[in-house]
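> Contents of target-v3.cif (mmCIF, C-alpha atoms and all ligand atoms):
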data_run
#
loop_
_atom_site.group_PDB
_atom_site.id
_atom_site.type_symbol
_atom_site.label_atom_id
_atom_site.label_comp_id
_atom_site.auth_asym_id
_atom_site.auth_seq_id
_atom_site.Cartn_x
_atom_site.Cartn_y
_atom_site.Cartn_z
ATOM 1 C CA MET A 81 -25.605 35.267 31.021
ATOM 2 C CA ASN A 82 -23.622 36.564 33.961
ATOM 3 C CA ASP A 83 -21.843 39.018 31.619
ATOM 4 C CA ASN A 84 -24.837 41.355 31.444
ATOM 5 C CA ARG A 85 -24.547 44.471 33.591
ATOM 6 C CA VAL A 86 -27.560 44.937 35.842
ATOM 7 C CA ALA A 87 -28.378 48.278 37.491
ATOM 8 C CA PHE A 88 -30.961 48.827 40.220
ATOM 9 C CA ILE A 89 -32.574 52.267 40.353
ATOM 10 C CA GLY A 90 -33.603 52.543 43.996
ATOM 11 C CA ALA A 91 -31.734 50.581 46.639
ATOM 12 C CA GLY A 92 -34.382 49.912 49.272
ATOM 13 C CA ASN A 93 -35.813 46.736 50.788
ATOM 14 C CA MET A 94 -36.774 44.966 47.589
ATOM 15 C CA ALA A 95 -33.591 45.837 45.681
ATOM 16 C CA ARG A 96 -31.589 44.462 48.618
ATOM 17 C CA CYS A 97 -33.597 41.216 48.605
ATOM 18 C CA VAL A 98 -33.015 40.663 44.872
ATOM 19 C CA ILE A 99 -29.344 41.698 44.988
ATOM 20 C CA ALA A 100 -28.732 39.329 47.931
ATOM 21 C CA ALA A 101 -30.342 36.476 46.003
ATOM 22 C CA MET A 102 -28.368 37.255 42.830
ATOM 23 C CA VAL A 103 -25.029 37.393 44.621
ATOM 24 C CA LYS A 104 -25.757 34.234 46.596
ATOM 25 C CA ALA A 105 -26.652 32.445 43.348
ATOM 26 C CA GLY A 106 -23.252 33.411 41.916
ATOM 27 C CA TYR A 107 -24.021 36.526 39.848
ATOM 28 C CA PRO A 108 -20.742 38.509 39.743
ATOM 29 C CA ALA A 109 -20.891 41.521 42.058
ATOM 30 C CA GLU A 110 -18.866 43.576 39.556
ATOM 31 C CA ASN A 111 -21.784 43.304 37.120
ATOM 32 C CA ILE A 112 -24.311 44.703 39.595
ATOM 33 C CA MET A 113 -24.758 48.407 40.352
ATOM 34 C CA ALA A 114 -27.276 50.098 42.627
ATOM 35 C CA ALA A 115 -28.231 53.770 42.424
ATOM 36 C CA ASN A 116 -30.100 55.595 45.169
ATOM 37 C CA ARG A 117 -30.924 59.236 45.901
ATOM 38 C CA SER A 118 -29.238 59.030 49.305
ATOM 39 C CA GLU A 119 -26.106 57.270 50.492
ATOM 40 C CA PRO A 120 -26.693 55.095 53.596
ATOM 41 C CA LYS A 121 -28.324 52.121 51.828
ATOM 42 C CA LEU A 122 -25.666 52.218 49.118
ATOM 43 C CA LEU A 123 -22.879 51.990 51.689
ATOM 44 C CA ALA A 124 -24.601 49.009 53.311
ATOM 45 C CA LEU A 125 -24.990 47.234 49.947
ATOM 46 C CA GLN A 126 -21.336 47.872 49.099
ATOM 47 C CA ALA A 127 -20.261 46.495 52.463
ATOM 48 C CA ASP A 128 -22.508 43.435 52.339
ATOM 49 C CA PHE A 129 -22.277 42.408 48.679
ATOM 50 C CA ALA A 130 -19.267 44.275 47.198
ATOM 51 C CA ILE A 131 -21.436 45.675 44.386
ATOM 52 C CA THR A 132 -20.805 49.044 42.729
ATOM 53 C CA THR A 133 -23.023 51.957 43.763
ATOM 54 C CA SER A 134 -23.867 55.433 42.547
ATOM 55 C CA LEU A 135 -25.837 58.465 43.648
ATOM 56 C CA SER A 136 -26.705 59.050 39.986
ATOM 57 C CA ASN A 137 -29.516 57.070 38.353
ATOM 58 C CA SER A 138 -28.242 58.215 34.970
ATOM 59 C CA GLU A 139 -24.736 56.902 35.589
ATOM 60 C CA ALA A 140 -26.173 53.510 36.520
ATOM 61 C CA ALA A 141 -28.502 53.476 33.493
ATOM 62 C CA ARG A 142 -25.684 54.398 31.100
ATOM 63 C CA TRP A 143 -23.478 51.617 32.504
ATOM 64 C CA ALA A 144 -26.163 48.915 32.469
ATOM 65 C CA ASP A 145 -27.441 46.429 29.910
ATOM 66 C CA VAL A 146 -30.486 45.791 32.091
ATOM 67 C CA ILE A 147 -32.177 48.450 34.243
ATOM 68 C CA ILE A 148 -34.237 47.302 37.251
ATOM 69 C CA LEU A 149 -36.635 49.994 38.469
ATOM 70 C CA ALA A 150 -36.962 49.547 42.239
ATOM 71 C CA VAL A 151 -38.366 52.827 43.520
ATOM 72 C CA LYS A 152 -41.842 53.245 45.019
ATOM 73 C CA PRO A 153 -44.653 53.524 42.439
ATOM 74 C CA GLN A 154 -45.238 57.164 43.430
ATOM 75 C CA MET A 155 -41.654 58.035 42.371
ATOM 76 C CA MET A 156 -41.680 56.073 39.133
ATOM 77 C CA GLN A 157 -42.844 58.716 36.651
ATOM 78 C CA GLN A 158 -40.262 61.234 37.786
ATOM 79 C CA VAL A 159 -37.485 58.615 37.729
ATOM 80 C CA CYS A 160 -38.414 57.337 34.249
ATOM 81 C CA GLU A 161 -38.789 60.780 32.700
ATOM 82 C CA GLN A 162 -35.467 61.896 34.122
ATOM 83 C CA LEU A 163 -33.775 58.729 32.821
ATOM 84 C CA LEU A 164 -35.116 59.289 29.320
ATOM 85 C CA ALA A 165 -34.087 62.966 29.348
ATOM 86 C CA GLU A 166 -30.548 62.264 30.581
ATOM 87 C CA VAL A 167 -29.910 58.863 28.961
ATOM 88 C CA PRO A 168 -32.027 58.696 25.775
ATOM 89 C CA GLU A 169 -30.248 55.503 24.682
ATOM 90 C CA CYS A 170 -31.804 53.752 27.700
ATOM 91 C CA GLN A 171 -34.825 53.070 25.454
ATOM 92 C CA GLU A 172 -32.763 50.362 23.739
ATOM 93 C CA LYS A 173 -32.025 48.550 26.998
ATOM 94 C CA LEU A 174 -34.038 45.880 28.752
ATOM 95 C CA PHE A 175 -36.096 47.159 31.684
ATOM 96 C CA VAL A 176 -37.469 45.266 34.670
ATOM 97 C CA THR A 177 -39.811 46.963 37.112
ATOM 98 C CA LEU A 178 -40.589 45.764 40.615
ATOM 99 C CA ALA A 179 -43.333 48.310 41.234
ATOM 100 C CA ALA A 180 -46.833 47.319 42.246
ATOM 101 C CA GLY A 181 -49.785 48.811 40.426
ATOM 102 C CA LEU A 182 -48.210 50.469 37.393
ATOM 103 C CA PRO A 183 -49.178 48.843 34.079
ATOM 104 C CA VAL A 184 -46.878 48.418 31.072
ATOM 105 C CA ALA A 185 -48.816 51.167 29.270
ATOM 106 C CA ARG A 186 -47.672 53.691 31.878
ATOM 107 C CA TYR A 187 -43.967 52.885 31.315
ATOM 108 C CA GLU A 188 -44.530 53.130 27.560
ATOM 109 C CA ALA A 189 -46.007 56.610 28.047
ATOM 110 C CA TRP A 190 -42.918 57.668 30.030
ATOM 111 C CA LEU A 191 -40.144 55.772 28.196
ATOM 112 C CA GLY A 192 -41.515 54.746 24.785
ATOM 113 C CA GLU A 193 -42.029 51.210 23.496
ATOM 114 C CA ILE A 194 -39.393 49.590 25.683
ATOM 115 C CA ARG A 195 -38.772 45.914 26.310
ATOM 116 C CA LEU A 196 -40.030 45.469 29.848
ATOM 117 C CA VAL A 197 -40.655 42.733 32.390
ATOM 118 C CA ARG A 198 -42.959 43.500 35.296
ATOM 119 C CA ALA A 199 -41.626 41.461 38.223
ATOM 120 C CA MET A 200 -43.395 41.010 41.544
ATOM 121 C CA PRO A 201 -41.042 39.389 44.033
ATOM 122 C CA ASN A 202 -41.556 39.118 47.782
ATOM 123 C CA THR A 203 -39.208 39.735 50.695
ATOM 124 C CA PRO A 204 -38.364 36.055 51.433
ATOM 125 C CA SER A 205 -36.303 36.364 48.227
ATOM 126 C CA LEU A 206 -33.660 37.624 50.639
ATOM 127 C CA VAL A 207 -33.200 34.056 51.882
ATOM 128 C CA GLY A 208 -33.869 32.330 48.551
ATOM 129 C CA LEU A 209 -37.390 31.286 49.559
ATOM 130 C CA GLY A 210 -39.358 33.926 47.690
ATOM 131 C CA VAL A 211 -41.938 33.757 44.937
ATOM 132 C CA THR A 212 -41.622 36.113 41.958
ATOM 133 C CA GLY A 213 -44.384 36.696 39.438
ATOM 134 C CA LEU A 214 -43.144 37.847 36.013
ATOM 135 C CA PHE A 215 -44.965 39.390 33.059
ATOM 136 C CA PRO A 216 -42.987 40.181 29.866
ATOM 137 C CA SER A 217 -43.774 42.852 27.276
ATOM 138 C CA ARG A 218 -42.020 43.016 23.871
ATOM 139 C CA CYS A 219 -39.194 40.745 25.162
ATOM 140 C CA SER A 220 -37.255 38.161 23.180
ATOM 141 C CA ASN A 221 -36.965 34.601 24.439
ATOM 142 C CA TYR A 222 -33.357 35.333 25.421
ATOM 143 C CA GLU A 223 -34.425 38.383 27.459
ATOM 144 C CA ARG A 224 -37.123 36.380 29.181
ATOM 145 C CA ALA A 225 -34.607 33.642 29.996
ATOM 146 C CA PHE A 226 -32.153 36.243 31.246
ATOM 147 C CA VAL A 227 -34.707 37.811 33.601
ATOM 148 C CA ASP A 228 -35.577 34.332 34.863
ATOM 149 C CA HIS A 229 -31.851 33.863 35.516
ATOM 150 C CA ILE A 230 -31.660 37.164 37.461
ATOM 151 C CA PHE A 231 -34.457 36.003 39.746
ATOM 152 C CA SER A 232 -33.350 32.367 39.939
ATOM 153 C CA GLY A 233 -31.762 32.865 43.350
ATOM 154 C CA THR A 234 -34.905 34.445 44.785
ATOM 155 C CA GLY A 235 -36.827 31.158 44.817
ATOM 156 C CA MET A 236 -39.867 30.123 42.781
ATOM 157 C CA ARG A 237 -40.664 32.027 39.565
ATOM 158 C CA VAL A 238 -44.134 32.153 38.020
ATOM 159 C CA TRP A 239 -44.403 33.535 34.456
ATOM 160 C CA LEU A 240 -47.794 35.092 33.851
ATOM 161 C CA GLU A 241 -49.724 35.252 30.578
ATOM 162 C CA GLN A 242 -52.016 38.176 31.435
ATOM 163 C CA GLU A 243 -50.846 41.462 32.914
ATOM 164 C CA ALA A 244 -53.871 41.551 35.260
ATOM 165 C CA GLN A 245 -52.447 38.465 36.982
ATOM 166 C CA ILE A 246 -49.668 40.630 38.427
ATOM 167 C CA ASN A 247 -52.251 42.215 40.729
ATOM 168 C CA HIS A 248 -53.406 38.748 41.741
ATOM 169 C CA ILE A 249 -49.894 37.590 42.522
ATOM 170 C CA ILE A 250 -49.426 40.706 44.673
ATOM 171 C CA ALA A 251 -52.337 39.481 46.808
ATOM 172 C CA VAL A 252 -51.214 35.838 46.855
ATOM 173 C CA THR A 253 -47.429 36.220 47.325
ATOM 174 C CA GLY A 254 -46.112 39.820 47.037
ATOM 175 C CA SER A 255 -47.925 41.248 50.052
ATOM 176 C CA ALA A 256 -48.400 37.869 51.713
ATOM 177 C CA PRO A 257 -45.252 37.712 53.872
ATOM 178 C CA ALA A 258 -46.855 40.568 55.844
ATOM 179 C CA TYR A 259 -49.999 38.489 56.434
ATOM 180 C CA PHE A 260 -47.949 35.678 57.931
ATOM 181 C CA PHE A 261 -45.823 38.094 59.972
ATOM 182 C CA TYR A 262 -49.040 39.684 61.315
ATOM 183 C CA PHE A 263 -50.438 36.291 62.312
ATOM 184 C CA MET A 264 -47.135 35.328 63.929
ATOM 185 C CA GLN A 265 -46.965 38.684 65.727
ATOM 186 C CA ALA A 266 -50.416 38.028 67.225
ATOM 187 C CA MET A 267 -49.324 34.542 68.325
ATOM 188 C CA GLN A 268 -46.133 35.915 69.845
ATOM 189 C CA GLN A 269 -48.124 38.524 71.812
ATOM 190 C CA LYS A 270 -50.372 35.850 73.284
ATOM 191 C CA ALA A 271 -47.388 33.593 74.045
ATOM 192 C CA GLU A 272 -45.788 36.476 75.947
ATOM 193 C CA GLU A 273 -49.018 37.050 77.888
ATOM 194 C CA LEU A 274 -48.785 33.370 78.819
ATOM 195 C CA GLY A 275 -45.335 33.993 80.319
ATOM 196 C CA PHE A 276 -42.839 33.063 77.589
ATOM 197 C CA ASN A 277 -40.133 35.647 77.087
ATOM 198 C CA SER A 278 -40.072 37.566 73.822
ATOM 199 C CA THR A 279 -37.096 35.705 72.299
ATOM 200 C CA GLU A 280 -38.506 32.291 73.182
ATOM 201 C CA ALA A 281 -41.973 33.218 71.962
ATOM 202 C CA LYS A 282 -40.707 34.535 68.618
ATOM 203 C CA ALA A 283 -38.545 31.459 68.045
ATOM 204 C CA MET A 284 -41.328 29.025 68.941
ATOM 205 C CA VAL A 285 -43.835 30.724 66.645
ATOM 206 C CA ALA A 286 -41.402 31.046 63.723
ATOM 207 C CA GLN A 287 -40.216 27.427 64.092
ATOM 208 C CA THR A 288 -43.814 26.212 64.065
ATOM 209 C CA ALA A 289 -44.553 28.258 60.931
ATOM 210 C CA LEU A 290 -41.406 26.918 59.253
ATOM 211 C CA GLY A 291 -42.312 23.349 60.227
ATOM 212 C CA ALA A 292 -45.871 23.703 58.956
ATOM 213 C CA ALA A 293 -44.759 25.282 55.651
ATOM 214 C CA THR A 294 -42.041 22.644 55.166
ATOM 215 C CA MET A 295 -44.532 19.830 55.819
ATOM 216 C CA ALA A 296 -46.976 21.360 53.350
ATOM 217 C CA LEU A 297 -44.318 21.653 50.651
ATOM 218 C CA GLN A 298 -43.103 18.084 51.202
ATOM 219 C CA SER A 299 -46.542 16.494 51.485
ATOM 220 C CA GLU A 300 -49.127 15.591 48.885
ATOM 221 C CA HIS A 301 -51.869 16.246 51.425
ATOM 222 C CA SER A 302 -53.989 19.387 51.102
ATOM 223 C CA PHE A 303 -53.838 22.094 53.750
ATOM 224 C CA ALA A 304 -57.223 20.852 55.015
ATOM 225 C CA GLU A 305 -55.882 17.289 55.390
ATOM 226 C CA LEU A 306 -52.754 18.471 57.184
ATOM 227 C CA ARG A 307 -54.959 20.510 59.511
ATOM 228 C CA ALA A 308 -57.130 17.453 60.182
ATOM 229 C CA GLN A 309 -54.004 15.508 61.233
ATOM 230 C CA VAL A 310 -53.481 17.997 64.082
ATOM 231 C CA THR A 311 -57.108 18.149 65.099
ATOM 232 C CA SER A 312 -58.065 15.424 67.583
ATOM 233 C CA LYS A 313 -61.759 14.824 68.054
ATOM 234 C CA GLY A 314 -62.902 16.681 71.155
ATOM 235 C CA GLY A 315 -59.397 18.092 71.575
ATOM 236 C CA THR A 316 -57.708 21.463 71.895
ATOM 237 C CA THR A 317 -57.045 22.220 68.219
ATOM 238 C CA HIS A 318 -60.690 21.740 67.390
ATOM 239 C CA GLU A 319 -61.571 24.483 69.885
ATOM 240 C CA ALA A 320 -58.963 26.867 68.464
ATOM 241 C CA VAL A 321 -59.876 26.223 64.835
ATOM 242 C CA THR A 322 -63.602 26.509 65.560
ATOM 243 C CA THR A 323 -62.941 29.900 67.150
ATOM 244 C CA PHE A 324 -61.124 31.051 63.983
ATOM 245 C CA SER A 325 -63.915 29.732 61.819
ATOM 246 C CA GLU A 326 -66.756 31.244 63.905
ATOM 247 C CA GLN A 327 -64.967 34.592 63.878
ATOM 248 C CA GLY A 328 -64.768 34.556 60.084
ATOM 249 C CA LEU A 329 -61.109 33.821 59.321
ATOM 250 C CA GLU A 330 -61.672 32.616 55.753
ATOM 251 C CA GLN A 331 -63.823 35.575 54.766
ATOM 252 C CA MET A 332 -61.396 37.958 56.452
ATOM 253 C CA VAL A 333 -58.462 36.518 54.474
ATOM 254 C CA ALA A 334 -60.418 36.708 51.211
ATOM 255 C CA ASN A 335 -61.422 40.308 51.964
ATOM 256 C CA ALA A 336 -57.839 41.280 52.751
ATOM 257 C CA MET A 337 -56.518 39.751 49.525
ATOM 258 C CA GLN A 338 -59.256 41.446 47.516
ATOM 259 C CA ALA A 339 -58.363 44.770 49.173
ATOM 260 C CA ALA A 340 -54.739 44.345 48.025
ATOM 261 C CA ILE A 341 -55.940 43.747 44.446
ATOM 262 C CA ALA A 342 -58.288 46.741 44.613
ATOM 263 C CA ARG A 343 -55.424 48.958 45.771
ATOM 264 C CA ALA A 344 -53.188 47.774 42.910
ATOM 265 C CA GLU A 345 -56.008 48.502 40.450
ATOM 266 C CA ALA A 346 -56.556 51.948 41.966
ATOM 267 C CA MET A 347 -52.824 52.702 41.725
ATOM 268 C CA ALA A 348 -52.963 51.842 38.027
ATOM 269 C CA LYS A 349 -55.601 54.529 37.575
ATOM 270 C CA THR A 350 -54.206 57.263 39.791
ATOM 271 C CA LEU A 351 -50.389 57.121 39.565
HETATM 272 N N1 LIG A 401 -41.281 45.616 49.849
HETATM 273 C C1 LIG A 401 -41.896 44.610 49.248
HETATM 274 O O1 LIG A 401 -42.241 43.577 49.853
HETATM 275 C C2 LIG A 401 -42.141 44.665 47.766
HETATM 276 C C3 LIG A 401 -41.985 45.825 47.049
HETATM 277 N N2 LIG A 401 -42.218 45.850 45.707
HETATM 278 C C4 LIG A 401 -42.021 47.073 44.929
HETATM 279 O O2 LIG A 401 -40.649 47.398 44.981
HETATM 280 C C5 LIG A 401 -40.487 48.799 44.878
HETATM 281 C C6 LIG A 401 -39.567 49.275 45.971
HETATM 282 O O3 LIG A 401 -40.172 48.990 47.225
HETATM 283 P P1 LIG A 401 -39.308 48.913 48.552
HETATM 284 O O4 LIG A 401 -37.946 48.423 48.228
HETATM 285 O O5 LIG A 401 -40.139 48.211 49.543
HETATM 286 O O6 LIG A 401 -39.226 50.476 48.899
HETATM 287 P P2 LIG A 401 -38.081 51.250 49.696
HETATM 288 O O7 LIG A 401 -38.690 52.526 50.146
HETATM 289 O O8 LIG A 401 -37.446 50.358 50.691
HETATM 290 O O9 LIG A 401 -37.011 51.560 48.555
HETATM 291 C C7 LIG A 401 -37.170 52.554 47.595
HETATM 292 C C8 LIG A 401 -35.817 53.181 47.391
HETATM 293 O O10 LIG A 401 -35.898 54.097 46.333
HETATM 294 C C9 LIG A 401 -35.061 55.198 46.648
HETATM 295 N N3 LIG A 401 -35.481 56.337 45.857
HETATM 296 C C10 LIG A 401 -36.588 57.102 45.974
HETATM 297 N N4 LIG A 401 -36.609 58.050 45.038
HETATM 298 C C11 LIG A 401 -35.492 57.870 44.280
HETATM 299 C C12 LIG A 401 -34.970 58.537 43.151
HETATM 300 N N5 LIG A 401 -35.599 59.573 42.579
HETATM 301 N N6 LIG A 401 -33.813 58.092 42.648
HETATM 302 C C13 LIG A 401 -33.171 57.040 43.208
HETATM 303 N N7 LIG A 401 -33.621 56.371 44.285
HETATM 304 C C14 LIG A 401 -34.776 56.785 44.809
HETATM 305 C C15 LIG A 401 -35.264 55.380 48.127
HETATM 306 O O11 LIG A 401 -34.178 56.141 48.641
HETATM 307 P P3 LIG A 401 -34.110 56.690 50.168
HETATM 308 O O12 LIG A 401 -33.341 55.683 50.917
HETATM 309 O O13 LIG A 401 -33.382 57.979 50.034
HETATM 310 O O14 LIG A 401 -35.509 56.865 50.630
HETATM 311 C C16 LIG A 401 -35.297 53.949 48.609
HETATM 312 O O15 LIG A 401 -34.028 53.457 48.940
HETATM 313 C C17 LIG A 401 -41.883 49.428 44.966
HETATM 314 O O16 LIG A 401 -42.246 49.876 43.689
HETATM 315 C C18 LIG A 401 -42.769 48.303 45.433
HETATM 316 O O17 LIG A 401 -44.069 48.371 44.877
HETATM 317 C C19 LIG A 401 -42.561 44.719 45.027
HETATM 318 C C20 LIG A 401 -42.714 43.552 45.688
HETATM 319 C C21 LIG A 401 -42.585 43.426 47.121
HETATM 320 O O1 LIG A 402 -47.125 47.000 49.741
HETATM 321 C C1 LIG A 402 -46.789 47.165 48.572
HETATM 322 O O2 LIG A 402 -47.373 47.983 47.840
HETATM 323 C C2 LIG A 402 -45.640 46.375 48.006
HETATM 324 C C3 LIG A 402 -46.048 45.518 46.851
HETATM 325 C C4 LIG A 402 -46.085 44.115 47.371
HETATM 326 C C5 LIG A 402 -45.462 44.207 48.660
HETATM 327 N N1 LIG A 402 -45.175 45.421 48.979
#
Any chance you could give the structure as structure tokens?


Amino acid sequence: MNDNRVAFIGAGNMARCVIAAMVKAGYPAENIMAANRSEPKLLALQADFAITTSLSNSEAARWADVIILAVKPQMMQQVCEQLLAEVPECQEKLFVTLAAGLPVARYEAWLGEIRLVRAMPNTPSLVGLGVTGLFPSRCSNYERAFVDHIFSGTGMRVWLEQEAQINHIIAVTGSAPAYFFYFMQAMQQKAEELGFNSTEAKAMVAQTALGAATMALQSEHSFAELRAQVTSKGGTTHEAVTTFSEQGLEQMVANAMQAAIARAEAMAKTL
């Protein structure tokens, strides 16, 4: 499977995360190319992963067996239409798109009835601890297995049966690293107010998050049970958790996740 040539169109944050995971998992760098409209990110990818790069999307698409679309959703129509105009044979290749919001039908309007996988990774893919949701359209079993192989180094993969579930996985995992970073940022700010220096505070908060997530993954207990283990009757945790609860944490989280889904649905209509 490592013989297939994989080209990324767009070499930003998410392309870097997936490329890092592929290379770390042993995918040959000579079979990976990244194209970007400007040079700095390409130079960094060359230096870090020894992949091939290009300032021409068309060159990358011509070279590739598999084309991974990794530009922002707002750029996607222009990129796809230009690819089809300059590399008409790209229609015969396998496409993967990382973009939020855009349904398969939109790509078919721009590129024809292509074989496409919508993938929704998240940034912890960079360190092999990501979650990627995947929805295939018109793909063979081999193509599905190959895309699973591409993302194998990113962490957990979840194949979805309904396209609408992509918007749900955006809320649950795609956008979710930002929720945790926001929570940790708030904890770090308070720790600094309490007198810990910034480096110490960041490390203490991140280590606690890592410890809690590792315990949850290794334990059969529910999150509620693990929380109960920390919460002594009449103790400090009870006061903190009650404050979260009284101030509506659960509803706030649900509202935020629903807002992410609503935005993905709106993008599907407007982009
Ligand atoms: N970030 C995340 O956590 C996740 C993002 N995604 C999806 O991944 C996609 C990329 O997001 P992300 O990596 O964060 O965005 P970035 O802005 O970091 O990367 C987009 C890249 O596309 C390049 N680009 C823009 N227009 C063109 C063009 N016409 N031709 C070639 N390259 C172009 C940009 O170049 P330049 O450097 O010149 O601006 C930039 O490097 C989005 O569709 C997003 O929805 C999916 C899951 C998670
Ligand atoms: O914010 C976004 O739209 C993208 C998709 C998921 C994470 N980042």

> By how many Å are CA of Ser134 in chain A and atom C17 of ligand LIG 401 (chain A) apart?

19.1 Å

> Return as a short mmCIF file (atom, residue, chain, number, x, y, z; two decimals) with C-alpha atoms, in the coordinates of the input the set of residues that the PyMOL selection byres (((chain A and resi 204) around 12) and not hetatm) yields on the displayed structure.


data_model
loop_
_atom_site.label_atom_id
_atom_site.label_comp_id
_atom_site.auth_asym_id
_atom_site.auth_seq_id
_atom_site.Cartn_x
_atom_site.Cartn_y
_atom_site.Cartn_z
CA ASN A 93 -35.81 46.74 50.79
CA MET A 94 -36.77 44.97 47.59
CA ARG A 96 -31.59 44.46 48.62
CA CYS A 97 -33.60 41.22 48.60
CA VAL A 98 -33.02 40.66 44.87
CA ALA A 100 -28.73 39.33 47.93
CA ALA A 101 -30.34 36.48 46.00
CA PRO A 201 -41.04 39.39 44.03
CA ASN A 202 -41.56 39.12 47.78
CA THR A 203 -39.21 39.74 50.70
CA SER A 205 -36.30 36.36 48.23
CA LEU A 206 -33.66 37.62 50.64
CA VAL A 207 -33.20 34.06 51.88
CA GLY A 208 -33.87 32.33 48.55
CA LEU A 209 -37.39 31.29 49.56
CA GLY A 210 -39.36 33.93 47.69
CA VAL A 211 -41.94 33.76 44.94
CA THR A 212 -41.62 36.11 41.96
CA GLY A 233 -31.76 32.86 43.35
CA THR A 234 -34.90 34.44 44.78
CA GLY A 235 -36.83 31.16 44.82
CA MET A 236 -39.87 30.12 42.78
CA THR A 253 -47.43 36.22 47.32
CA GLY A 254 -46.11 39.82 47.04
CA SER A 255 -47.92 41.25 50.05
CA ALA A 256 -48.40 37.87 51.71
CA PRO A 257 -45.25 37.71 53.87
CA ALA A 258 -46.86 40.57 55.84
CA PHE A 260 -47.95 35.68 57.93
CA PHE A 261 -45.82 38.09 59.97
#

> May I ask for the distance between CA of Ala114 in chain A and CA of Ser232 in chain A, given in Å to one decimal place?

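Computed distance, CA of Ala114 in chain A to CA of Ser232 in chain A, equals 18.9 Å.
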
> Could you state the separation of CA of Ala144 in chain A and CA of Glu172 in chain A in Å, given to one decimal place?

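About the pair CA of Ala144 in chain A and CA of Glu172 in chain A: they are 11.0 Å apart.
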
> Give the padded box for ligand LIG 401 (chain A) as lines of an AutoDock Vina configuration file: axis-aligned, covering all atoms listed in the file, 6 Å on each side, centre and edge lengths in Å to one decimal.


center_x = -38.6
center_y = 51.5
center_z = 46.7
size_x = 22.9
size_y = 28.1
size_z = 20.3

> Of the candidates A:Met295, A:Ile250, A:Ala342, A:Ala308, which one gets nearest to ligand LIG 402 (chain A) if we count all atoms listed in the file?

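Distance minimum relative to ligand LIG 402 (chain A) lands on A:Ile250.
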
> Set the distance at 12 Å and use all atoms listed in the file: which residues neighbour Gln242 in chain A once local chain neighbours fewer than 2 positions away are removed? I'd like the list as a list in words.

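With the cut-off at 12 Å, the set is Pro183, Val184, Arg198, Gly213, Leu214, Phe215, Pro216, Ser217, Val238, Trp239, Leu240, Ala244, Gln245, Ile246, Asn247, His248 and Ile249 of chain A.
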
> Identify which of the residues A:Phe276, A:Leu351, A:Ala185, A:Leu135 lies closest to Leu122 in chain A, counting only C-alpha atoms when measuring atom-to-atom distances.

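Smallest separation from Leu122 in chain A among the options: A:Leu135.
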
> Could you tell me, as a VMD selection string, exactly which residues end up selected when the PyMOL selection byres (((chain A and resi 345) around 10) and not hetatm) is applied to this structure?

chain A and resid 180 to 183 244 247 339 to 344 346 to 350

> Please produce an output containing C-alpha atoms for each residue in the selection, written as a PDB file, in the frame of the given file.


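New file part-v5.pdb:
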ATOM      1  CA  ALA A 180     -46.833  47.319  42.246  1.00  0.00           C
ATOM      2  CA  GLY A 181     -49.785  48.811  40.426  1.00  0.00           C
ATOM      3  CA  LEU A 182     -48.210  50.469  37.393  1.00  0.00           C
ATOM      4  CA  PRO A 183     -49.178  48.843  34.079  1.00  0.00           C
ATOM      5  CA  ALA A 244     -53.871  41.551  35.260  1.00  0.00           C
ATOM      6  CA  ASN A 247     -52.251  42.215  40.729  1.00  0.00           C
ATOM      7  CA  ALA A 339     -58.363  44.770  49.173  1.00  0.00           C
ATOM      8  CA  ALA A 340     -54.739  44.345  48.025  1.00  0.00           C
ATOM      9  CA  ILE A 341     -55.940  43.747  44.446  1.00  0.00           C
ATOM     10  CA  ALA A 342     -58.288  46.741  44.613  1.00  0.00           C
ATOM     11  CA  ARG A 343     -55.424  48.958  45.771  1.00  0.00           C
ATOM     12  CA  ALA A 344     -53.188  47.774  42.910  1.00  0.00           C
ATOM     13  CA  ALA A 346     -56.556  51.948  41.966  1.00  0.00           C
ATOM     14  CA  MET A 347     -52.824  52.702  41.725  1.00  0.00           C
ATOM     15  CA  ALA A 348     -52.963  51.842  38.027  1.00  0.00           C
ATOM     16  CA  LYS A 349     -55.601  54.529  37.575  1.00  0.00           C
ATOM     17  CA  THR A 350     -54.206  57.263  39.791  1.00  0.00           C
TER      18      THR A 350
END

> At a cut-off of 12 Å, using only C-alpha atoms, what residues contact Glu119 in chain A? Leave out same-chain residues fewer than 5 positions from it and give the result as a PyMOL selection string.

chain A and resi 90-92+114+124-126+133-136

> Once the PyMOL selection byres (((chain A and resi 147) around 7) and not hetatm) has been applied to the shown file, what residues remain in the selection, as an MDAnalysis selection string?

chainID A and resid 86:88 141 144:146 148:149 174:176

> Keeping only C-alpha atoms, write the selected residues as an mmCIF file, in the frame of the given file.


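The file below, selection11.cif, is the result:
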data_model
loop_
_atom_site.group_PDB
_atom_site.id
_atom_site.type_symbol
_atom_site.label_atom_id
_atom_site.label_comp_id
_atom_site.auth_asym_id
_atom_site.auth_seq_id
_atom_site.Cartn_x
_atom_site.Cartn_y
_atom_site.Cartn_z
ATOM 1 C CA VAL A 86 -27.560 44.937 35.842
ATOM 2 C CA ALA A 87 -28.378 48.278 37.491
ATOM 3 C CA PHE A 88 -30.961 48.827 40.220
ATOM 4 C CA ALA A 141 -28.502 53.476 33.493
ATOM 5 C CA ALA A 144 -26.163 48.915 32.469
ATOM 6 C CA ASP A 145 -27.441 46.429 29.910
ATOM 7 C CA VAL A 146 -30.486 45.791 32.091
ATOM 8 C CA ILE A 148 -34.237 47.302 37.251
ATOM 9 C CA LEU A 149 -36.635 49.994 38.469
ATOM 10 C CA LEU A 174 -34.038 45.880 28.752
ATOM 11 C CA PHE A 175 -36.096 47.159 31.684
ATOM 12 C CA VAL A 176 -37.469 45.266 34.670
#
